[in-house]
Amino acid sequence: MTGAPIQNEALFNSPAEWISPVKKIYRSDPPEADGRKVIILDTDHTGHNDANPKCPWRCFTRGMSFITMDYYMDARPGSPSVPMPEWDEIRKQMGYVRRYADRMDLNRAVPRSDLASSGFCIADEGRSYLVYLPDGGDVTVMLSGSDETLTAEWFCPVSDEVHPLFKVDASETHFKAPFDGDAVLFLNREI
């Protein structure tokens, strides 16, 4: 069940298994999904003209799926006959998110904003943590659920570069991105 014109309260109270809510807040600071419904953020319902490449990361770390509507070959008159270049970056970010999603056990991972000072974290606590830093810089991550060594890496979504792996244990909680701009920290239990 999708929003526009149906409003969020009706969506969340409906018997629908998956919903696509409305309101721009979902693009900048989406609330954590609580597991009652599958939530698919559709840019067409949340202020389509802002092709912000940070949206897929924000949604994923808050437990939501993300799709974008490019007007390419839309059924409406006047739609472009080629993909819109302003959506290239957001499409790339969707692919990067997928790359990390494939490395996590999504049957166990849940949004855990409380575990990272950036407020954007999805974790299978004790096993894997994906933390998004929309403005880069540093982050504190609560790893108390892990009693084993974790392998960590930094990913730069702007350049598609993975920075070298390093090892951490639960006593290490403060991390600083080795580059400027938005950053992804991925911590995973060694197998």
# chains A, B, ... in the order shown; residues from 1 in each chain; ligands from 1

$ select_by_dssp --residues "chain A" --states "strand (DSSP E)" --output "MDAnalysis selection string"
chainID A and resid 18:19 38:42 65:67 110:111 121:124 128:133 138:140 150:156 161:168 174:176 183:189

$ residues_around --residues "Ala183 in chain A" --least-positions-apart "3" --cutoff "8 Å" --atoms "only C-alpha atoms" --output "list in words"
Tyr132, Leu133, Pro134, Asp135, Gly136, Gly137, Trp154, Phe155, Cys156, Pro157, Ala177, Phe179 and Asp180 of chain A

$ residues_around --residues "Glu125 in chain A" --least-positions-apart "3" --cutoff "10 Å" --atoms "only C-alpha atoms" --output "list in words"
Arg108, Ala109, Val110, Arg112, Leu115, Ile122, Ser128, Tyr129, Met142, Leu143, Ser144, Gly145, Ser146, Asn188 and Arg189 of chain A

$ residues_around --residues "range 76-88 of chain A" --least-positions-apart "6" --cutoff "9 Å" --atoms "only C-alpha atoms" --output "VMD selection string"
chain A and resid 51 to 53 68 to 70

$ residues_around --residues "Glu32 in chain A" --least-positions-apart "2" --cutoff "12 Å" --atoms "only C-alpha atoms" --output "list in words"
Ile25, Tyr26, Asp29, Pro30, Asp34, Gly35, Arg36, Lys37, Val38, Ile39, Arg58, Cys59, Phe60, Thr61, Arg62, Gly63, Met64, Ser65, Val110, Pro111, Arg112, Ser113, Asp114, Gly119, Phe120, Cys121 and Ile122 of chain A

$ residues_around --residues "Ala4 in chain A" --least-positions-apart "2" --cutoff "12 Å" --atoms "only C-alpha atoms" --output "PDB file with C-alpha atoms, in the first residue's frame"
ATOM      1  CA  MET A   1       0.000   0.000   0.000  1.00  0.00           C
ATOM      2  CA  THR A   2       1.538   3.284  -1.027  1.00  0.00           C
ATOM      3  CA  ILE A   6      -3.037   7.915   1.539  1.00  0.00           C
ATOM      4  CA  GLN A   7      -1.368   9.475   4.580  1.00  0.00           C
ATOM      5  CA  ASN A   8       1.098   7.766   6.925  1.00  0.00           C
ATOM      6  CA  ALA A  10      -3.639   5.182   7.577  1.00  0.00           C
ATOM      7  CA  LEU A  11      -0.707   3.299   6.013  1.00  0.00           C
ATOM      8  CA  ILE A  19       3.950   0.361   2.832  1.00  0.00           C
ATOM      9  CA  SER A  20       5.527   3.338   1.122  1.00  0.00           C
ATOM     10  CA  PRO A  21       5.086   6.371   3.389  1.00  0.00           C
ATOM     11  CA  VAL A  22       4.966  10.051   2.487  1.00  0.00           C
ATOM     12  CA  LYS A  23       6.721  13.137   3.964  1.00  0.00           C
ATOM     13  CA  ASP A  42       9.847   5.727  -2.776  1.00  0.00           C
ATOM     14  CA  THR A  43      11.278   9.113  -3.794  1.00  0.00           C
ATOM     15  CA  ASP A  44       8.121   9.782  -5.759  1.00  0.00           C
ATOM     16  CA  HIS A  45       6.213  10.037  -2.452  1.00  0.00           C
ATOM     17  CA  THR A  46       8.714  12.060  -0.427  1.00  0.00           C
ATOM     18  CA  GLY A  47       9.650  15.088  -2.525  1.00  0.00           C
TER      19      GLY A  47
END

$ closest_residue --among "A:Arg27, A:Glu9, A:Arg99, A:Val184" --to "Val131 in chain A" --atoms "only C-alpha atoms"
A:Val184
